[in-house]
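Source file: model.txt (compact mmCIF, C-alpha atoms and all ligand atoms)
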# COMPACT_ATOMS: atom_id res chain seq x y z
CA LYS H 235 43.45 4.26 -0.04
CA ILE H 236 43.72 1.73 -2.84
CA ASN H 237 45.94 -0.52 -0.72
CA ASP H 238 43.40 -0.68 2.07
CA ALA H 239 40.82 -1.46 -0.53
CA ALA H 240 42.09 -4.95 -1.15
CA VAL H 241 42.43 -5.90 2.49
CA VAL H 242 40.23 -8.89 3.07
CA SER H 243 38.24 -9.21 6.25
CA THR H 244 37.06 -12.51 7.66
CA PRO H 245 33.32 -12.99 8.22
CA ASN H 246 33.71 -14.34 11.72
CA ASP H 247 35.81 -11.47 12.95
CA GLY H 248 34.94 -8.25 11.20
CA ASN H 249 37.65 -6.32 12.98
CA THR H 250 40.59 -8.40 11.90
CA SER H 251 42.14 -7.74 8.52
CA VAL H 252 44.51 -10.07 6.82
CA ASN H 253 46.65 -8.99 3.92
CA ARG H 254 45.88 -11.88 1.66
CA LYS H 255 45.33 -10.53 -1.82
CA HIS H 256 44.21 -12.64 -4.70
CA ARG H 257 44.06 -11.78 -8.42
CA LEU H 258 40.45 -10.55 -8.22
CA ALA H 259 40.76 -8.58 -4.96
CA TYR H 260 40.57 -5.18 -6.69
CA ASP H 261 37.62 -6.26 -8.81
CA VAL H 262 35.81 -7.48 -5.68
CA GLU H 263 36.57 -4.24 -3.85
CA ARG H 264 35.36 -2.04 -6.71
CA VAL H 265 32.07 -3.89 -7.08
CA VAL H 266 31.44 -4.05 -3.31
CA GLN H 267 31.99 -0.28 -3.01
CA GLU H 268 29.66 0.38 -5.96
CA HIS H 269 26.88 -1.58 -4.30
CA LEU H 270 27.43 0.18 -0.98
CA THR H 271 27.23 3.55 -2.74
CA TYR H 272 23.98 2.81 -4.54
CA VAL H 273 22.15 0.75 -1.93
CA ARG H 274 20.77 3.84 -0.22
CA GLU H 275 19.57 5.38 -3.46
CA GLU H 276 15.85 6.13 -3.41
CA ILE H 277 13.50 4.57 -5.90
CA SER H 278 12.95 7.24 -8.56
CA ASP H 279 11.26 7.72 -11.94
CA GLY H 280 11.55 4.78 -14.25
CA TRP H 281 11.31 2.13 -11.53
CA ASP H 282 8.04 0.19 -11.46
CA LEU H 283 6.74 -1.62 -8.42
CA ILE H 284 6.01 -5.03 -9.97
CA HIS H 285 5.20 -7.03 -6.85
CA GLN H 286 4.32 -6.30 -3.25
CA GLU H 287 3.65 -8.85 -0.56
CA GLY H 288 3.81 -8.06 3.15
CA GLU H 289 7.03 -6.15 3.74
CA MET H 290 8.49 -7.22 0.39
CA LYS H 291 8.59 -4.73 -2.50
CA VAL H 292 9.98 -5.70 -5.89
CA TYR H 293 10.96 -2.92 -8.31
CA ARG H 294 12.13 -3.15 -11.88
CA ARG H 295 13.37 -0.73 -14.50
CA GLU H 296 12.77 -1.75 -18.11
CA VAL H 297 16.06 -1.54 -20.02
CA GLU H 298 17.14 -3.17 -23.28
CA GLU H 299 20.64 -3.36 -24.73
CA ASN H 300 20.83 -4.25 -28.42
CA GLY H 301 17.33 -5.71 -28.21
CA ILE H 302 18.19 -7.84 -25.16
CA VAL H 303 16.25 -7.31 -21.92
CA VAL H 304 18.65 -6.40 -19.10
CA ASP H 305 16.10 -4.94 -16.63
CA PRO H 306 17.72 -3.94 -13.32
CA LEU H 307 15.80 -5.34 -10.38
CA LYS H 308 15.66 -4.23 -6.77
CA ILE H 309 13.89 -5.85 -3.83
CA PHE H 310 13.39 -4.32 -0.39
CA HIS H 311 12.32 -6.57 2.42
CA SER H 312 12.24 -6.61 6.17
CA MET H 313 11.89 -9.62 8.43
CA LYS H 314 11.88 -10.39 12.14
CA GLY H 315 13.84 -13.13 13.86
CA VAL H 316 17.09 -13.29 11.88
CA THR H 317 20.26 -11.23 11.59
CA GLY H 318 21.92 -9.93 8.44
CA HIS H 319 24.85 -12.22 9.16
CA GLU H 320 22.55 -15.26 9.14
CA ILE H 321 20.80 -14.22 5.92
CA CYS H 322 24.09 -13.55 4.12
CA GLN H 323 25.72 -16.75 5.38
CA TYR H 324 22.87 -18.91 4.05
CA PHE H 325 22.90 -17.04 0.73
CA TRP H 326 26.65 -17.34 0.27
CA ASP H 327 27.32 -20.85 1.56
CA TYR H 328 27.00 -23.38 -1.26
CA GLN H 329 26.11 -26.26 1.09
CA TYR H 330 22.59 -24.86 1.60
CA ARG H 331 22.04 -23.59 -1.93
CA MET H 332 20.23 -26.51 -3.54
CA GLU H 333 17.80 -26.53 -0.61
CA TRP H 334 16.39 -23.10 -1.47
CA GLU H 335 17.29 -22.55 -5.14
CA THR H 336 14.63 -23.80 -7.52
CA THR H 337 16.06 -22.45 -10.77
CA LEU H 338 19.35 -24.40 -10.77
CA ASP H 339 20.33 -27.80 -12.10
CA SER H 340 23.71 -27.70 -10.36
CA THR H 341 26.18 -25.54 -8.46
CA LYS H 342 29.84 -26.12 -7.73
CA ILE H 343 32.84 -24.25 -6.40
CA ILE H 344 35.68 -24.23 -8.92
CA GLU H 345 38.12 -22.04 -6.99
CA VAL H 346 38.55 -20.65 -3.48
CA LEU H 347 40.19 -17.22 -3.68
CA ASP H 348 40.19 -16.55 0.06
CA PRO H 349 38.02 -17.62 3.01
CA ASP H 350 35.29 -15.14 1.94
CA THR H 351 35.53 -15.34 -1.85
CA VAL H 352 34.87 -18.34 -4.05
CA ILE H 353 34.20 -18.89 -7.75
CA PHE H 354 31.06 -20.80 -8.67
CA PHE H 355 30.04 -22.57 -11.83
CA GLN H 356 26.28 -23.07 -12.05
CA MET H 357 23.96 -24.69 -14.55
CA HIS H 358 20.57 -22.99 -14.63
CA LYS H 359 17.29 -24.70 -15.38
CA ARG H 360 16.00 -24.12 -18.84
CA VAL H 361 12.97 -21.99 -18.03
CA TRP H 362 11.86 -20.50 -21.29
CA PRO H 363 11.97 -21.31 -24.98
CA ALA H 364 15.68 -20.50 -25.32
CA ALA H 365 19.06 -22.14 -24.86
CA GLN H 366 20.05 -23.34 -21.40
CA ARG H 367 22.08 -20.83 -19.41
CA ASP H 368 25.14 -21.35 -17.25
CA SER H 369 27.02 -18.90 -15.05
CA CYS H 370 30.52 -18.47 -13.65
CA PHE H 371 30.96 -15.85 -10.96
CA TRP H 372 32.93 -14.89 -7.92
CA SER H 373 30.88 -14.75 -4.75
CA HIS H 374 32.07 -12.67 -1.83
CA ILE H 375 30.71 -12.27 1.70
CA ARG H 376 31.65 -9.23 3.77
CA CYS H 377 30.95 -7.66 7.15
CA ILE H 378 31.21 -3.88 7.46
CA SER H 379 31.25 -2.20 10.86
CA ASN H 380 29.64 1.23 10.73
CA SER H 381 30.02 2.28 14.34
CA GLU H 382 30.58 0.85 17.82
CA GLU H 383 26.86 0.92 18.66
CA ASP H 384 25.25 -0.24 15.43
CA GLN H 385 25.12 -3.79 14.21
CA PRO H 386 27.42 -4.28 11.20
CA THR H 387 26.13 -4.37 7.63
CA TRP H 388 26.54 -7.74 5.92
CA LEU H 389 26.63 -8.25 2.19
CA VAL H 390 27.16 -10.83 -0.50
CA VAL H 391 28.07 -9.97 -4.08
CA ASN H 392 27.92 -12.38 -7.04
CA TYR H 393 29.74 -11.08 -10.12
CA THR H 394 30.44 -12.80 -13.42
CA THR H 395 34.04 -13.67 -14.22
CA PRO H 396 35.68 -15.89 -16.85
CA HIS H 397 37.52 -19.01 -15.67
CA HIS H 398 39.66 -21.61 -17.43
CA LEU H 399 37.77 -24.39 -15.63
CA ALA H 400 34.48 -23.07 -17.00
CA PRO H 401 34.77 -22.57 -20.75
CA ILE H 402 31.61 -21.52 -22.59
CA LYS H 403 30.38 -24.55 -24.47
CA SER H 404 27.64 -24.42 -27.06
CA PRO H 405 24.66 -24.93 -26.85
CA HIS H 406 24.90 -23.32 -23.41
CA VAL H 407 24.79 -19.55 -23.15
CA ARG H 408 26.60 -17.70 -20.36
CA LEU H 409 24.57 -15.37 -18.12
CA VAL H 410 26.26 -12.14 -17.12
CA ALA H 411 25.33 -11.04 -13.62
CA ASN H 412 26.04 -8.49 -10.94
CA VAL H 413 23.92 -9.37 -7.92
CA ALA H 414 24.10 -8.13 -4.34
CA LEU H 415 22.31 -8.92 -1.11
CA ILE H 416 22.84 -6.26 1.54
CA CYS H 417 21.53 -6.64 5.11
CA GLU H 418 21.19 -4.41 8.12
CA THR H 419 20.23 -5.76 11.53
CA ILE H 420 18.12 -3.72 13.93
CA ILE H 421 17.65 -4.58 17.59
CA ASN H 422 14.26 -3.45 18.84
CA GLU H 423 13.93 -2.56 22.53
CA PRO H 424 17.50 -3.69 23.23
CA PRO H 425 17.94 -5.32 26.64
CA LEU H 426 20.81 -4.05 28.81
CA ASN H 427 22.72 -7.26 28.39
CA ILE H 428 23.52 -8.46 24.85
CA GLN H 429 23.09 -12.07 26.03
CA ASP H 430 19.40 -11.35 26.69
CA ILE H 431 18.60 -10.46 23.08
CA LYS H 432 15.90 -12.80 21.79
CA ARG H 433 14.98 -13.56 18.19
CA GLU H 434 11.77 -11.55 18.67
CA ASN H 435 13.94 -8.45 19.31
CA ILE H 436 15.82 -8.66 16.05
CA GLU H 437 14.86 -7.47 12.61
CA CYS H 438 16.72 -7.54 9.33
CA LYS H 439 16.29 -5.03 6.54
CA LEU H 440 17.49 -6.44 3.28
CA THR H 441 18.08 -5.11 -0.19
CA TYR H 442 18.60 -7.45 -3.12
CA VAL H 443 19.75 -5.98 -6.43
CA ALA H 444 20.23 -7.86 -9.66
CA PHE H 445 21.65 -6.77 -13.00
CA VAL H 446 21.40 -9.84 -15.18
CA ASN H 447 22.12 -9.98 -18.90
CA PRO H 448 20.83 -13.22 -20.43
CA GLY H 449 23.89 -13.27 -22.68
CA GLY H 450 21.90 -13.65 -25.85
CA TRP H 451 18.47 -12.95 -27.22
CA VAL H 452 15.46 -14.19 -25.31
CA PRO H 453 11.89 -13.12 -26.20
CA SER H 454 11.34 -9.95 -24.11
CA ALA H 455 7.82 -10.68 -22.90
CA ALA H 456 8.69 -14.24 -21.85
CA LEU H 457 11.81 -13.11 -19.98
CA ARG H 458 9.96 -10.31 -18.18
CA SER H 459 7.16 -12.57 -17.10
CA VAL H 460 9.58 -15.23 -15.82
CA ALA H 461 11.52 -12.59 -13.88
CA LYS H 462 8.35 -11.08 -12.40
CA ARG H 463 7.29 -14.50 -11.14
CA GLU H 464 10.66 -15.97 -10.12
CA TYR H 465 12.37 -13.17 -8.18
CA PRO H 466 9.61 -12.78 -5.55
CA ARG H 467 9.33 -16.56 -5.40
CA PHE H 468 13.06 -16.88 -4.78
CA LEU H 469 13.09 -14.30 -1.98
CA LYS H 470 10.05 -15.77 -0.23
CA ARG H 471 11.42 -19.27 -0.35
CA PHE H 472 14.94 -18.24 0.64
CA THR H 473 13.86 -16.09 3.60
CA SER H 474 11.49 -18.75 4.97
CA TYR H 475 14.30 -21.28 4.60
CA VAL H 476 16.62 -19.09 6.71
CA LEU H 477 13.90 -18.54 9.34
CA GLU H 478 13.30 -22.25 9.61
CA GLN H 479 17.03 -23.11 9.76
CA THR H 480 17.85 -20.56 12.45
CA ARG H 481 14.72 -20.73 14.65
CA ASP H 482 16.22 -23.02 17.32
CA LYS H 483 19.85 -22.03 16.90
CA PRO H 484 21.77 -19.43 18.91
CA ILE H 485 21.65 -16.00 17.23
CA LEU H 486 24.62 -15.37 14.94
CA PHE H 487 25.41 -11.66 15.21
O1 LIG K 1 20.68 -14.66 -6.54
C1 LIG K 1 20.16 -15.75 -6.65
N1 LIG K 1 20.88 -16.88 -6.70
C2 LIG K 1 22.33 -16.91 -6.60
C3 LIG K 1 22.74 -18.21 -5.95
O2 LIG K 1 22.46 -19.31 -6.76
C4 LIG K 1 22.98 -16.82 -7.95
C5 LIG K 1 22.66 -15.54 -8.67
C6 LIG K 1 23.21 -15.51 -10.06
C7 LIG K 1 22.32 -15.58 -11.12
C8 LIG K 1 22.80 -15.59 -12.41
C9 LIG K 1 24.16 -15.50 -12.64
C10 LIG K 1 25.05 -15.40 -11.57
C11 LIG K 1 24.57 -15.40 -10.28
O3 LIG K 1 23.08 -14.45 -7.90
C12 LIG K 1 18.67 -15.94 -6.77
C13 LIG K 1 18.31 -15.73 -8.19
C14 LIG K 1 16.84 -15.89 -8.44
C15 LIG K 1 16.63 -15.79 -9.92
C16 LIG K 1 15.19 -15.88 -10.30
C17 LIG K 1 15.07 -16.21 -11.77
C18 LIG K 1 14.97 -14.98 -12.60
C19 LIG K 1 14.77 -15.33 -14.02
C20 LIG K 1 15.19 -14.21 -14.93
C21 LIG K 1 16.66 -14.09 -15.00
C22 LIG K 1 17.05 -13.56 -16.32
C23 LIG K 1 18.29 -14.21 -16.81
C24 LIG K 1 18.08 -14.88 -18.11
C25 LIG K 1 18.51 -16.29 -18.12
Using the file provided, produce a representation of the structure as structure tokens.
Amino acid sequence: KINDAAVVSTPNDGNTSVNRKHRLAYDVERVVQEHLTYVREEISDGWDLIHQEGEMKVYRREVEENGIVVDPLKIFHSMKGVTGHEICQYFWDYQYRMEWETTLDSTKIIEVLDPDTVIFFQMHKRVWPAAQRDSCFWSHIRCISNSEEDQPTWLVVNYTTPHHLAPIKSPHVRLVANVALICETIINEPPLNIQDIKRENIECKLTYVAFVNPGGWVPSAALRSVAKREYPRFLKRFTSYVLEQTRDKPILF
């Protein structure tokens, strides 16, 4: 099965596979499969609901490693009017990023590994009394068909990787991240003809998970309060951006 694992599918045609492997293909496959395995896991003991607003629920588990806060975070949300493909496309595509991201100074692509996988270098805004953070990560978009009848699952994974074009330069500190956005599209009261599906018939259930290590010490209370404020803010702003961008466009299934 390991050979199949590195087959790369194209976002615009989930059924075609091309055998174009790049040096990080196995890494991408491993992390994608991990996210798919855990996405259905129920919220259990140790997870605190830290924010709830409409359909959005933000959970966090308090974890420290060597005195550094590395709290895993999980958001469940559901919205009408957009597909999982649309949500993931806007999240992955760098050309829209600075329109919805409020915690970045810059973003750039430093390598294209295949049509669905790129490496980003980002400079984050300095948001608390600590050194400025940067990040270097591969970002992969994927469509997974579950069955003939169901809409496919779409996901994006952002995962830290080193890169010769992005050396760590003091005073900047490198963030270490493993972030996934996983979307399922539901068609309510499906019309007989697929062409008749309207935006009001579609609903997207999304899960966003983030494991972020600040890469160095940051005061715990400050970091937790920034995270509690910024993650819900990000998801609200991002999802309203996608709604606004897609409202008058044909539905992208
Ligand atoms: O996922 C989000 N943004 C993407 C696209 O820019 C990048 C993200 C990523 C973050 C860090 C490293 C690599 C990749 O996936 C939205 C992120 C919203 C973040 C809200 C701010 C939270 C503040 C607490 C983070 C703790 C890290 C310490 C510096």
(request) Please identify every polymer residue within 8 Å of ligand LIG 1 (chain K), using only C-alpha atoms and all ligand atoms, and present the set as JSON, numbers by chain. (result) {"H": [304, 325, 326, 331, 335, 337, 338, 341, 356, 358, 361, 366, 367, 368, 369, 370, 371, 391, 392, 393, 394, 409, 410, 411, 412, 413, 414, 444, 446, 447, 448, 449, 452, 457, 458, 460, 461, 462, 463, 464, 465, 466, 467, 468, 469]}
Near range 259-267 of chain H, 9 Å: range 318-391 of chain H residue rows, closest pairs, only C-alpha atoms, as CSV:
residue,atom,partner,partner_atom,distance
H:Leu347,CA,H:Ala259,CA,8.8
H:Thr351,CA,H:Val262,CA,8.7
H:Trp372,CA,H:Val262,CA,8.3
H:Ser373,CA,H:Val262,CA,8.8
H:His374,CA,H:Val262,CA,7.5
H:Arg376,CA,H:Val266,CA,8.8
H:Leu389,CA,H:Val266,CA,8.4
H:Val390,CA,H:Val266,CA,8.5
H:Val391,CA,H:Val266,CA,6.9
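Across the structure, CA of Lys432 in chain H and CA of Ser312 in chain H are spaced 17.2 Å apart.
Take CA of Phe354 in chain H and CA of Val407 in chain H: the distance between them is 15.8 Å.
The shortest atom-to-atom distance to Ile284 in chain H, with only C-alpha atoms taken into account, belongs to H:Ser459 out of H:Arg481, H:Thr419, H:Ser459, H:Trp451.
For the atom pair formed by CA of Glu333 in chain H and CA of Glu320 in chain H, the distance is 15.6 Å, given to one decimal.
Among the candidates H:Asp430, H:Glu418, H:Glu383, H:Asp350, the residue lying nearest to His256 in chain H is H:Asp350 (atoms considered: all atoms listed in the file).
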(message) Can you pull out the residues contacting Arg295 in chain H? Cut-off 7 Å, using all atoms listed in the file, and skip same-chain residues under 3 positions away; I want them as an NGL selection string.
(response) :H and (280-282 or 305-307)
